[in-house]
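What follows is run-v7.cif (mmCIF, C-alpha atoms).
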data_final
loop_
_atom_site.group_PDB
_atom_site.id
_atom_site.type_symbol
_atom_site.label_atom_id
_atom_site.label_comp_id
_atom_site.auth_asym_id
_atom_site.auth_seq_id
_atom_site.Cartn_x
_atom_site.Cartn_y
_atom_site.Cartn_z
ATOM 1 C CA MET A 1 89.715 103.412 127.635
ATOM 2 C CA GLU A 2 87.046 106.021 126.847
ATOM 3 C CA GLY A 3 88.162 108.761 124.493
ATOM 4 C CA ARG A 4 91.201 106.934 123.130
ATOM 5 C CA ARG A 5 91.904 107.262 119.424
ATOM 6 C CA VAL A 6 91.648 103.789 117.922
ATOM 7 C CA VAL A 7 91.875 103.242 114.163
ATOM 8 C CA VAL A 8 91.443 100.150 112.006
ATOM 9 C CA VAL A 9 93.572 100.017 108.857
ATOM 10 C CA SER A 10 93.453 97.712 105.853
ATOM 11 C CA ALA A 11 95.791 96.692 103.035
ATOM 12 C CA LEU A 12 94.206 95.280 99.887
ATOM 13 C CA GLN A 13 95.931 92.815 97.572
ATOM 14 C CA PHE A 14 94.545 91.673 94.229
ATOM 15 C CA SER A 15 95.487 90.842 90.649
ATOM 16 C CA CYS A 16 94.771 93.297 87.839
ATOM 17 C CA SER A 17 93.478 92.844 84.331
ATOM 18 C CA ASP A 18 94.143 95.522 81.714
ATOM 19 C CA GLU A 19 90.554 96.781 81.747
ATOM 20 C CA VAL A 20 90.011 99.889 83.852
ATOM 21 C CA SER A 21 86.350 99.238 84.628
ATOM 22 C CA THR A 22 87.044 95.667 85.755
ATOM 23 C CA ASN A 23 89.853 96.758 88.063
ATOM 24 C CA VAL A 24 87.936 99.667 89.584
ATOM 25 C CA ASP A 25 84.961 97.353 90.162
ATOM 26 C CA LYS A 26 87.277 94.903 91.900
ATOM 27 C CA ALA A 27 88.848 97.652 94.003
ATOM 28 C CA GLU A 28 85.397 98.771 95.142
ATOM 29 C CA LYS A 29 84.467 95.201 96.039
ATOM 30 C CA PHE A 30 87.593 94.850 98.170
ATOM 31 C CA VAL A 31 87.055 98.248 99.810
ATOM 32 C CA ARG A 32 83.539 97.172 100.759
ATOM 33 C CA ASP A 33 84.918 93.915 102.147
ATOM 34 C CA ALA A 34 87.469 95.805 104.250
ATOM 35 C CA HIS A 35 84.762 98.153 105.509
ATOM 36 C CA SER A 36 82.592 95.195 106.512
ATOM 37 C CA LYS A 37 85.512 94.027 108.668
ATOM 38 C CA GLY A 38 85.701 97.364 110.442
ATOM 39 C CA ALA A 39 88.376 99.196 108.464
ATOM 40 C CA ASN A 40 88.556 102.992 108.686
ATOM 41 C CA ILE A 41 91.513 103.638 106.327
ATOM 42 C CA ILE A 42 91.840 101.341 103.307
ATOM 43 C CA LEU A 43 94.911 101.188 101.062
ATOM 44 C CA ILE A 44 94.596 100.080 97.434
ATOM 45 C CA GLN A 45 97.747 99.077 95.535
ATOM 46 C CA GLU A 46 99.689 101.300 93.144
ATOM 47 C CA LEU A 47 98.271 102.060 89.652
ATOM 48 C CA PHE A 48 95.432 99.566 90.147
ATOM 49 C CA GLU A 49 93.457 100.742 87.101
ATOM 50 C CA GLY A 50 95.411 98.399 84.813
ATOM 51 C CA TYR A 51 98.537 96.404 84.213
ATOM 52 C CA TYR A 52 101.803 97.837 85.469
ATOM 53 C CA PHE A 53 102.628 99.281 82.055
ATOM 54 C CA CYS A 54 106.139 100.523 82.932
ATOM 55 C CA GLN A 55 107.648 97.238 81.772
ATOM 56 C CA ALA A 56 107.772 98.857 78.313
ATOM 57 C CA GLN A 57 108.544 102.266 76.834
ATOM 58 C CA ARG A 58 105.498 102.816 74.646
ATOM 59 C CA GLU A 59 104.075 106.130 73.458
ATOM 60 C CA ASP A 60 100.535 104.763 73.390
ATOM 61 C CA TYR A 61 100.588 104.162 77.138
ATOM 62 C CA PHE A 62 100.556 107.916 77.774
ATOM 63 C CA LYS A 63 96.888 107.730 76.761
ATOM 64 C CA ARG A 64 96.272 106.040 80.138
ATOM 65 C CA ALA A 65 97.023 109.288 81.961
ATOM 66 C CA LYS A 66 94.183 111.610 83.001
ATOM 67 C CA PRO A 67 94.065 115.003 84.716
ATOM 68 C CA TYR A 68 93.661 115.074 88.478
ATOM 69 C CA LYS A 69 90.523 117.206 88.475
ATOM 70 C CA GLU A 70 87.385 115.287 87.486
ATOM 71 C CA HIS A 71 89.341 112.029 87.274
ATOM 72 C CA PRO A 72 86.597 109.363 86.963
ATOM 73 C CA THR A 73 88.206 106.852 89.343
ATOM 74 C CA ILE A 74 88.853 109.492 91.994
ATOM 75 C CA LEU A 75 85.255 110.731 91.703
ATOM 76 C CA ARG A 76 83.966 107.182 92.091
ATOM 77 C CA MET A 77 86.148 106.580 95.146
ATOM 78 C CA GLN A 78 84.952 109.867 96.652
ATOM 79 C CA LYS A 79 81.368 108.617 96.461
ATOM 80 C CA LEU A 80 82.384 105.267 97.905
ATOM 81 C CA ALA A 81 84.355 106.837 100.758
ATOM 82 C CA LYS A 82 81.411 109.084 101.660
ATOM 83 C CA GLU A 83 78.950 106.185 101.520
ATOM 84 C CA LEU A 84 81.053 103.936 103.755
ATOM 85 C CA GLY A 85 82.654 106.618 105.942
ATOM 86 C CA VAL A 86 86.197 105.438 105.170
ATOM 87 C CA VAL A 87 89.460 107.030 104.060
ATOM 88 C CA ILE A 88 90.843 105.856 100.679
ATOM 89 C CA PRO A 89 94.195 106.882 99.129
ATOM 90 C CA VAL A 90 93.685 106.542 95.357
ATOM 91 C CA SER A 91 96.651 105.849 93.056
ATOM 92 C CA PHE A 92 96.478 107.075 89.445
ATOM 93 C CA PHE A 93 98.527 108.068 86.385
ATOM 94 C CA GLU A 94 98.238 111.854 86.266
ATOM 95 C CA GLU A 95 98.460 114.142 83.255
ATOM 96 C CA ALA A 96 99.270 117.755 84.195
ATOM 97 C CA ASN A 97 99.539 119.717 80.946
ATOM 98 C CA ASN A 98 102.837 118.429 79.481
ATOM 99 C CA ALA A 99 103.973 116.725 82.694
ATOM 100 C CA HIS A 100 102.999 113.281 83.940
ATOM 101 C CA TYR A 101 103.107 111.941 87.480
ATOM 102 C CA ASN A 102 102.584 108.774 89.475
ATOM 103 C CA SER A 103 100.138 110.269 91.950
ATOM 104 C CA ILE A 104 97.878 109.666 94.944
ATOM 105 C CA ALA A 105 94.710 111.540 95.882
ATOM 106 C CA VAL A 106 93.732 111.078 99.535
ATOM 107 C CA ILE A 107 89.975 110.868 100.049
ATOM 108 C CA ASP A 108 88.602 111.534 103.529
ATOM 109 C CA ALA A 109 85.705 109.704 105.152
ATOM 110 C CA ASP A 110 83.167 112.336 104.054
ATOM 111 C CA GLY A 111 84.275 112.091 100.419
ATOM 112 C CA THR A 112 86.427 115.221 100.534
ATOM 113 C CA ASP A 113 89.566 115.170 98.397
ATOM 114 C CA LEU A 114 92.295 116.225 100.855
ATOM 115 C CA GLY A 115 94.920 116.759 98.194
ATOM 116 C CA LEU A 116 97.588 115.228 96.036
ATOM 117 C CA TYR A 117 100.947 113.553 96.518
ATOM 118 C CA ARG A 118 103.205 112.937 93.510
ATOM 119 C CA LYS A 119 105.799 110.164 93.682
ATOM 120 C CA SER A 120 109.204 111.635 94.469
ATOM 121 C CA HIS A 121 111.643 108.829 93.647
ATOM 122 C CA ILE A 122 111.255 107.483 90.115
ATOM 123 C CA PRO A 123 112.944 104.147 89.329
ATOM 124 C CA ASP A 124 114.530 103.204 86.032
ATOM 125 C CA GLY A 125 115.570 99.603 85.505
ATOM 126 C CA PRO A 126 114.578 96.507 83.521
ATOM 127 C CA GLY A 127 110.829 95.993 83.918
ATOM 128 C CA TYR A 128 110.419 99.179 85.981
ATOM 129 C CA GLN A 129 111.057 101.931 83.415
ATOM 130 C CA GLU A 130 109.117 104.654 85.187
ATOM 131 C CA LYS A 131 111.360 107.542 84.153
ATOM 132 C CA PHE A 132 109.970 107.217 80.623
ATOM 133 C CA TYR A 133 106.471 108.044 81.905
ATOM 134 C CA PHE A 134 106.732 110.029 85.134
ATOM 135 C CA ASN A 135 108.257 113.368 86.039
ATOM 136 C CA PRO A 136 109.775 113.484 89.531
ATOM 137 C CA GLY A 137 107.087 114.579 91.947
ATOM 138 C CA ASP A 138 106.998 118.247 92.942
ATOM 139 C CA THR A 139 104.691 118.130 95.969
ATOM 140 C CA GLY A 140 107.261 117.135 98.549
ATOM 141 C CA PHE A 141 106.371 114.654 101.270
ATOM 142 C CA LYS A 142 103.036 115.471 102.836
ATOM 143 C CA VAL A 143 100.811 114.551 105.750
ATOM 144 C CA PHE A 144 97.032 114.381 105.380
ATOM 145 C CA GLU A 145 94.769 115.038 108.363
ATOM 146 C CA THR A 146 91.949 112.548 107.904
ATOM 147 C CA LYS A 147 88.971 111.858 110.151
ATOM 148 C CA PHE A 148 90.774 108.977 111.839
ATOM 149 C CA ALA A 149 94.489 109.868 111.845
ATOM 150 C CA LYS A 150 97.212 112.019 110.363
ATOM 151 C CA ILE A 151 98.649 109.853 107.611
ATOM 152 C CA GLY A 152 101.709 109.936 105.392
ATOM 153 C CA VAL A 153 101.363 108.379 101.950
ATOM 154 C CA ALA A 154 104.274 107.657 99.608
ATOM 155 C CA ILE A 155 104.506 105.395 96.572
ATOM 156 C CA CYS A 156 106.478 102.202 95.875
ATOM 157 C CA TRP A 157 110.123 103.208 95.191
ATOM 158 C CA ASP A 158 109.713 105.945 97.831
ATOM 159 C CA GLN A 159 109.492 103.131 100.371
ATOM 160 C CA TRP A 160 113.198 102.321 99.983
ATOM 161 C CA PHE A 161 114.241 105.745 101.286
ATOM 162 C CA PRO A 162 114.294 106.266 105.069
ATOM 163 C CA GLU A 163 114.421 110.025 104.535
ATOM 164 C CA ALA A 164 110.887 109.943 103.101
ATOM 165 C CA ALA A 165 109.447 108.091 106.080
ATOM 166 C CA ARG A 166 111.211 110.362 108.560
ATOM 167 C CA ALA A 167 110.065 113.505 106.713
ATOM 168 C CA MET A 168 106.434 112.412 106.946
ATOM 169 C CA VAL A 169 106.635 111.487 110.621
ATOM 170 C CA LEU A 170 108.381 114.774 111.453
ATOM 171 C CA GLN A 171 105.332 116.487 109.942
ATOM 172 C CA GLY A 172 103.053 114.539 112.268
ATOM 173 C CA ALA A 173 102.194 111.357 110.371
ATOM 174 C CA GLU A 174 100.809 108.751 112.767
ATOM 175 C CA ILE A 175 100.643 105.937 110.190
ATOM 176 C CA LEU A 176 102.607 105.433 106.961
ATOM 177 C CA PHE A 177 100.985 104.018 103.817
ATOM 178 C CA TYR A 178 102.835 102.669 100.767
ATOM 179 C CA PRO A 179 100.870 101.494 97.689
ATOM 180 C CA THR A 180 103.175 99.330 95.587
ATOM 181 C CA ALA A 181 103.709 97.377 92.366
ATOM 182 C CA ILE A 182 106.734 95.104 92.743
ATOM 183 C CA GLY A 183 107.613 91.575 91.750
ATOM 184 C CA SER A 184 110.100 89.546 89.771
ATOM 185 C CA GLU A 185 113.008 91.063 87.828
ATOM 186 C CA PRO A 186 112.773 90.379 84.072
ATOM 187 C CA GLN A 187 116.566 90.508 83.671
ATOM 188 C CA ASP A 188 117.321 88.098 86.565
ATOM 189 C CA ASP A 189 115.051 85.173 87.430
ATOM 190 C CA GLY A 190 117.124 84.497 90.532
ATOM 191 C CA LEU A 191 116.596 87.905 92.109
ATOM 192 C CA ASP A 192 113.792 87.932 94.690
ATOM 193 C CA SER A 193 113.530 91.189 96.616
ATOM 194 C CA ARG A 194 110.457 90.432 98.727
ATOM 195 C CA ASP A 195 112.213 89.890 102.070
ATOM 196 C CA HIS A 196 114.477 92.900 101.539
ATOM 197 C CA TRP A 197 111.410 94.949 100.572
ATOM 198 C CA LYS A 198 109.611 94.041 103.779
ATOM 199 C CA ARG A 199 112.606 94.536 106.064
ATOM 200 C CA VAL A 200 113.276 98.049 104.742
ATOM 201 C CA MET A 201 109.738 99.172 105.562
ATOM 202 C CA GLN A 202 109.748 97.361 108.887
ATOM 203 C CA GLY A 203 112.779 99.506 109.666
ATOM 204 C CA HIS A 204 110.830 102.679 108.816
ATOM 205 C CA ALA A 205 108.074 101.658 111.226
ATOM 206 C CA GLY A 206 110.518 100.792 114.003
ATOM 207 C CA ALA A 207 112.789 103.813 113.501
ATOM 208 C CA ASN A 208 109.830 106.204 113.669
ATOM 209 C CA LEU A 209 107.577 104.239 116.068
ATOM 210 C CA VAL A 210 104.550 104.352 113.777
ATOM 211 C CA PRO A 211 102.446 101.620 112.165
ATOM 212 C CA LEU A 212 103.008 101.025 108.454
ATOM 213 C CA VAL A 213 100.711 99.628 105.755
ATOM 214 C CA ALA A 214 102.022 98.259 102.424
ATOM 215 C CA SER A 215 99.743 97.092 99.604
ATOM 216 C CA ASN A 216 101.094 95.185 96.572
ATOM 217 C CA ARG A 217 99.482 93.380 93.651
ATOM 218 C CA VAL A 218 99.689 89.695 92.692
ATOM 219 C CA GLY A 219 99.595 87.862 89.390
ATOM 220 C CA LYS A 220 101.612 87.515 86.178
ATOM 221 C CA GLU A 221 101.486 90.416 83.726
ATOM 222 C CA VAL A 222 102.893 90.293 80.181
ATOM 223 C CA ILE A 223 103.617 93.546 78.322
ATOM 224 C CA VAL A 224 104.664 93.770 74.672
ATOM 225 C CA THR A 225 107.882 95.782 74.386
ATOM 226 C CA GLU A 226 110.089 96.870 71.506
ATOM 227 C CA HIS A 227 112.311 93.871 72.306
ATOM 228 C CA GLY A 228 109.556 91.265 72.677
ATOM 229 C CA ASN A 229 107.404 90.318 75.639
ATOM 230 C CA SER A 230 108.340 91.337 79.175
ATOM 231 C CA THR A 231 106.857 89.447 82.126
ATOM 232 C CA ILE A 232 106.650 90.308 85.807
ATOM 233 C CA THR A 233 105.116 88.047 88.418
ATOM 234 C CA PHE A 234 104.041 90.359 91.225
ATOM 235 C CA TYR A 235 104.799 88.825 94.590
ATOM 236 C CA GLY A 236 102.137 90.346 96.815
ATOM 237 C CA ASN A 237 103.287 89.929 100.423
ATOM 238 C CA SER A 238 101.260 92.976 101.423
ATOM 239 C CA PHE A 239 101.568 93.574 105.138
ATOM 240 C CA ILE A 240 100.744 95.716 108.142
ATOM 241 C CA ALA A 241 103.531 96.417 110.628
ATOM 242 C CA GLY A 242 103.267 97.719 114.162
ATOM 243 C CA PRO A 243 105.254 100.615 115.625
ATOM 244 C CA THR A 244 108.294 98.506 116.488
ATOM 245 C CA GLY A 245 108.447 97.089 112.960
ATOM 246 C CA GLU A 246 106.784 93.813 113.855
ATOM 247 C CA ILE A 247 104.631 92.300 111.079
ATOM 248 C CA LEU A 248 101.120 91.859 112.453
ATOM 249 C CA SER A 249 99.304 90.772 109.276
ATOM 250 C CA SER A 250 100.667 89.590 105.948
ATOM 251 C CA ALA A 251 99.443 88.125 102.684
ATOM 252 C CA ASN A 252 101.129 85.459 100.582
ATOM 253 C CA ASP A 253 102.566 85.764 97.071
ATOM 254 C CA LYS A 254 99.605 84.363 95.117
ATOM 255 C CA ASP A 255 96.228 85.009 96.722
ATOM 256 C CA GLU A 256 94.049 88.085 96.794
ATOM 257 C CA ASP A 257 93.539 89.284 100.341
ATOM 258 C CA VAL A 258 92.202 91.928 102.716
ATOM 259 C CA LEU A 259 94.407 92.593 105.737
ATOM 260 C CA ILE A 260 93.034 94.270 108.877
ATOM 261 C CA GLU A 261 94.719 95.613 112.014
ATOM 262 C CA LYS A 262 93.663 97.910 114.855
ATOM 263 C CA PHE A 263 95.909 100.509 116.504
ATOM 264 C CA ASP A 264 95.543 102.686 119.589
ATOM 265 C CA LEU A 265 97.111 105.921 118.357
ATOM 266 C CA ASP A 266 97.269 107.531 121.795
ATOM 267 C CA GLN A 267 99.126 104.564 123.244
ATOM 268 C CA ILE A 268 101.565 104.570 120.311
ATOM 269 C CA LYS A 269 102.083 108.325 120.647
ATOM 270 C CA SER A 270 102.973 107.923 124.309
ATOM 271 C CA LYS A 271 105.473 105.183 123.462
ATOM 272 C CA ARG A 272 106.986 107.245 120.603
ATOM 273 C CA HIS A 273 107.481 110.261 122.838
ATOM 274 C CA SER A 274 108.920 108.301 125.748
ATOM 275 C CA TRP A 275 111.369 106.391 123.534
ATOM 276 C CA GLY A 276 113.314 109.580 122.841
ATOM 277 C CA ILE A 277 114.146 109.107 119.166
ATOM 278 C CA PHE A 278 112.777 112.510 118.231
ATOM 279 C CA ARG A 279 114.082 114.225 121.350
ATOM 280 C CA ASP A 280 117.633 113.066 120.628
ATOM 281 C CA ARG A 281 117.799 113.848 116.915
ATOM 282 C CA ARG A 282 120.754 116.007 115.798
ATOM 283 C CA PRO A 283 119.711 117.781 112.584
ATOM 284 C CA ASP A 284 122.793 119.990 112.909
ATOM 285 C CA LEU A 285 124.926 116.913 112.205
ATOM 286 C CA TYR A 286 122.926 115.672 109.211
ATOM 287 C CA LYS A 287 124.132 118.171 106.605
ATOM 288 C CA ALA A 288 125.662 115.331 104.591
ATOM 289 C CA LEU A 289 122.114 114.276 103.742
ATOM 290 C CA LEU A 290 121.790 117.437 101.662
ATOM 291 C CA THR A 291 124.603 116.438 99.282
ATOM 292 C CA LEU A 292 124.892 113.714 96.647
ATOM 293 C CA ASP A 293 128.147 112.223 97.905
ATOM 294 C CA GLY A 294 127.845 112.764 101.645
ATOM 295 C CA ARG A 295 130.633 115.341 101.730
ATOM 296 C CA SER A 296 130.412 118.894 102.978
ATOM 297 C CA PRO A 297 129.607 121.329 100.132
ATOM 298 C CA SER A 298 132.906 123.066 100.904
ATOM 299 C CA VAL A 299 134.980 119.919 100.202
#

Turn the structure described in the file into structure tokens.
Amino acid sequence: MEGRRVVVVSALQFSCSDEVSTNVDKAEKFVRDAHSKGANIILIQELFEGYYFCQAQREDYFKRAKPYKEHPTILRMQKLAKELGVVIPVSFFEEANNAHYNSIAVIDADGTDLGLYRKSHIPDGPGYQEKFYFNPGDTGFKVFETKFAKIGVAICWDQWFPEAARAMVLQGAEILFYPTAIGSEPQDDGLDSRDHWKRVMQGHAGANLVPLVASNRVGKEVIVTEHGNSTITFYGNSFIAGPTGEILSSANDKDEDVLIEKFDLDQIKSKRHSWGIFRDRRPDLYKALLTLDGRSPSV
């Protein structure tokens, strides 16, 4: 139908080396591939400039952080976005004076930097020791008004929290994007979270009636730690879900891939409004969400 708002989204999935230039070159190649297939908004995986270094607590890895302004990878992606006319959320390790963040800059289709989101939920467990490197984000959950859609972007561990997805959609997000780095658990070879990981985000899409895009890396990465080598095999499984949580496109756990899906945002908006989930919300009954233990502050 003439005048309808249709957007094509893409999730990229690739393995990383530990050389920044090689990884950024690869990211550009995959962005160009996605663009050639019609993509308007293209999601690159979390911290794609190198290995997922949070397997170890190492002082030297702080040298990987760079300030937001004049960040070379962001500047390069701004040029690429402007050339191709696409939107690119760019994940990077941010240095902000004495603070450090796991951050995303959202680049619009004309190359404009629309602003910054800093990861809110910071994990701390074997192989995923992010609290050593990252301060908790201070931006709050945000929505970015791009050329093609209003988008919400959160990062990896954020994707396990339904409150984050709901907060972005309440602010007008029409599509949710989650760049990710997740795989095996170094302390437990038998623990495989991939299906749980997907189902949680499918729930966010279905509960909010918005499409959702998740991009993860693949490949085995070995990091030297103070206790010997730590290894994670990243399980990929990047996917694009529709507004009822249905998986429309998905990658496997080994191969590099470019996923593409098209959405009619006006049609989805009509469905979201008619379904009544936002009409029937009861924020007055959700005060327990503001406490750590679910009890009234007066208890």

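When the PyMOL selection byres ((chain A and resi 154) around 7) is run on the displayed coordinates, the residues it returns are A:Lys119, A:Gly152, A:Val153, A:Ile155, A:Cys156, A:Asp158, A:Gln159, A:Phe177, A:Tyr178.
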
For Asp108 of chain A, please output as a CSV table (one decimal) with C-alpha atoms, in the frame of the given file all residues within 10 Å (counting only C-alpha atoms; exclusion window: fewer than 5 positions along the same chain).
chain,number,residue,atom,x,y,z
A,40,ASN,CA,88.6,103.0,108.7
A,41,ILE,CA,91.5,103.6,106.3
A,78,GLN,CA,85.0,109.9,96.7
A,81,ALA,CA,84.4,106.8,100.8
A,82,LYS,CA,81.4,109.1,101.7
A,85,GLY,CA,82.7,106.6,105.9
A,86,VAL,CA,86.2,105.4,105.2
A,87,VAL,CA,89.5,107.0,104.1
A,88,ILE,CA,90.8,105.9,100.7
A,89,PRO,CA,94.2,106.9,99.1
A,113,ASP,CA,89.6,115.2,98.4
A,114,LEU,CA,92.3,116.2,100.9
A,115,GLY,CA,94.9,116.8,98.2
A,144,PHE,CA,97.0,114.4,105.4
A,145,GLU,CA,94.8,115.0,108.4
A,146,THR,CA,91.9,112.5,107.9
A,147,LYS,CA,89.0,111.9,110.2
A,148,PHE,CA,90.8,109.0,111.8

Take every atom of segment 25-38 of chain A listed in the file, pad by 8 Å on each side, and give me the axis-aligned box centre and edge lengths in Å, one decimal, as lines of an AutoDock Vina configuration file.
center_x = 85.7
center_y = 96.3
center_z = 100.3
size_x = 22.3
size_y = 20.9
size_z = 36.3

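Counting all atoms listed in the file, the residue from A:Asn23, A:Glu261, A:Arg272, A:Gln13 that sits nearest to Tyr235 of chain A is A:Gln13.
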
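The residue that comes closest to Tyr61 of chain A, out of A:Thr112, A:Thr225, A:Gln202, A:Ser215 and on the basis of only C-alpha atoms, is A:Thr225.
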
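Considering the residues A:Ser17, A:Gln45, A:Thr22, A:Ser250 and counting all atoms listed in the file, Ala181 of chain A has its shortest atom-to-atom contact with A:Gln45.
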
Of A:Pro283, A:Pro72, A:Gly50, A:Pro211, the one nearest to Val8 of chain A when counting all atoms listed in the file is A:Pro211

Counting all atoms listed in the file, select every polymer residue within 7 Å of (97.4, 103.8, 117.9) as defined in the file's coordinates, and provide the selection as a ChimeraX atom specification.
/A:5-7,263-268

Near-Arg76 of chain A list (10 Å; all atoms listed in the file; drop same-chain fewer than 4 positions) as a list in words:
Val24, Glu28, Glu70, His71, Pro72, Leu80, Ala81 and Gly111 of chain A

So, counting only C-alpha atoms, which residue among A:Phe278, A:Tyr101, A:Phe234, A:Tyr286 is closest to Phe14 of chain A?
A:Phe234

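Straight-line separation from atom CA of Ala99 of chain A to atom CA of Asn135 of chain A: 6.4 Å.
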
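Remark: for Asp255 of chain A, the closest of the candidate residues A:Ala105, A:Leu47, A:Val218, A:Leu170 is A:Val218 (distances computed over only C-alpha atoms).
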
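Using all atoms listed in the file, the protein and nucleic acid residues lying no more than 7 Å from segment 185-198 of chain A, apart from those fewer than 6 places from it along its own chain, are A:Pro126, A:Gly127, A:Ser230, A:Thr231, A:Ile232.
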
Could I get segment 240-247 of chain A rebuilt with all heavy atoms, written as a PDB file, in the coordinates of the input?
ATOM      1  N   ILE A 240     100.947  94.623 107.190  1.00  0.00           N
ATOM      2  CA  ILE A 240     100.744  95.716 108.142  1.00  0.00           C
ATOM      3  C   ILE A 240     101.715  95.485 109.291  1.00  0.00           C
ATOM      4  O   ILE A 240     101.731  94.409 109.891  1.00  0.00           O
ATOM      5  CB  ILE A 240      99.299  95.770 108.667  1.00  0.00           C
ATOM      6  CG1 ILE A 240      98.311  95.942 107.505  1.00  0.00           C
ATOM      7  CG2 ILE A 240      99.141  96.899 109.694  1.00  0.00           C
ATOM      8  CD1 ILE A 240      96.849  95.825 107.913  1.00  0.00           C
ATOM      9  N   ALA A 241     102.544  96.509 109.549  1.00  0.00           N
ATOM     10  CA  ALA A 241     103.531  96.417 110.628  1.00  0.00           C
ATOM     11  C   ALA A 241     103.132  97.326 111.775  1.00  0.00           C
ATOM     12  O   ALA A 241     102.529  98.388 111.577  1.00  0.00           O
ATOM     13  CB  ALA A 241     104.921  96.813 110.118  1.00  0.00           C
ATOM     14  N   GLY A 242     103.493  96.903 112.980  1.00  0.00           N
ATOM     15  CA  GLY A 242     103.267  97.719 114.162  1.00  0.00           C
ATOM     16  C   GLY A 242     104.394  98.707 114.368  1.00  0.00           C
ATOM     17  O   GLY A 242     105.365  98.747 113.610  1.00  0.00           O
ATOM     18  N   PRO A 243     104.317  99.513 115.431  1.00  0.00           N
ATOM     19  CA  PRO A 243     105.254 100.615 115.625  1.00  0.00           C
ATOM     20  C   PRO A 243     106.658 100.218 116.056  1.00  0.00           C
ATOM     21  O   PRO A 243     107.529 101.085 116.157  1.00  0.00           O
ATOM     22  CB  PRO A 243     104.576 101.464 116.697  1.00  0.00           C
ATOM     23  CG  PRO A 243     103.712 100.502 117.446  1.00  0.00           C
ATOM     24  CD  PRO A 243     103.227  99.529 116.424  1.00  0.00           C
ATOM     25  N   THR A 244     106.910  98.947 116.282  1.00  0.00           N
ATOM     26  CA  THR A 244     108.294  98.506 116.488  1.00  0.00           C
ATOM     27  C   THR A 244     108.801  97.721 115.282  1.00  0.00           C
ATOM     28  O   THR A 244     109.851  97.072 115.354  1.00  0.00           O
ATOM     29  CB  THR A 244     108.437  97.659 117.768  1.00  0.00           C
ATOM     30  OG1 THR A 244     107.674  96.455 117.643  1.00  0.00           O
ATOM     31  CG2 THR A 244     107.976  98.424 118.996  1.00  0.00           C
ATOM     32  N   GLY A 245     108.055  97.766 114.188  1.00  0.00           N
ATOM     33  CA  GLY A 245     108.447  97.089 112.960  1.00  0.00           C
ATOM     34  C   GLY A 245     107.963  95.660 112.853  1.00  0.00           C
ATOM     35  O   GLY A 245     108.219  94.995 111.850  1.00  0.00           O
ATOM     36  N   GLU A 246     107.251  95.190 113.869  1.00  0.00           N
ATOM     37  CA  GLU A 246     106.784  93.813 113.855  1.00  0.00           C
ATOM     38  C   GLU A 246     105.653  93.642 112.835  1.00  0.00           C
ATOM     39  O   GLU A 246     104.765  94.489 112.739  1.00  0.00           O
ATOM     40  CB  GLU A 246     106.302  93.392 115.254  1.00  0.00           C
ATOM     41  CG  GLU A 246     104.986  93.974 115.738  1.00  0.00           C
ATOM     42  CD  GLU A 246     105.032  95.407 116.255  1.00  0.00           C
ATOM     43  OE1 GLU A 246     105.985  96.144 115.894  1.00  0.00           O
ATOM     44  OE2 GLU A 246     104.103  95.811 116.997  1.00  0.00           O
ATOM     45  N   ILE A 247     105.701  92.573 112.034  1.00  0.00           N
ATOM     46  CA  ILE A 247     104.631  92.300 111.079  1.00  0.00           C
ATOM     47  C   ILE A 247     103.468  91.655 111.819  1.00  0.00           C
ATOM     48  O   ILE A 247     103.599  90.596 112.425  1.00  0.00           O
ATOM     49  CB  ILE A 247     105.117  91.415 109.923  1.00  0.00           C
ATOM     50  CG1 ILE A 247     106.105  92.199 109.056  1.00  0.00           C
ATOM     51  CG2 ILE A 247     103.932  90.943 109.074  1.00  0.00           C
ATOM     52  CD1 ILE A 247     106.605  91.455 107.834  1.00  0.00           C
TER      53      ILE A 247
END
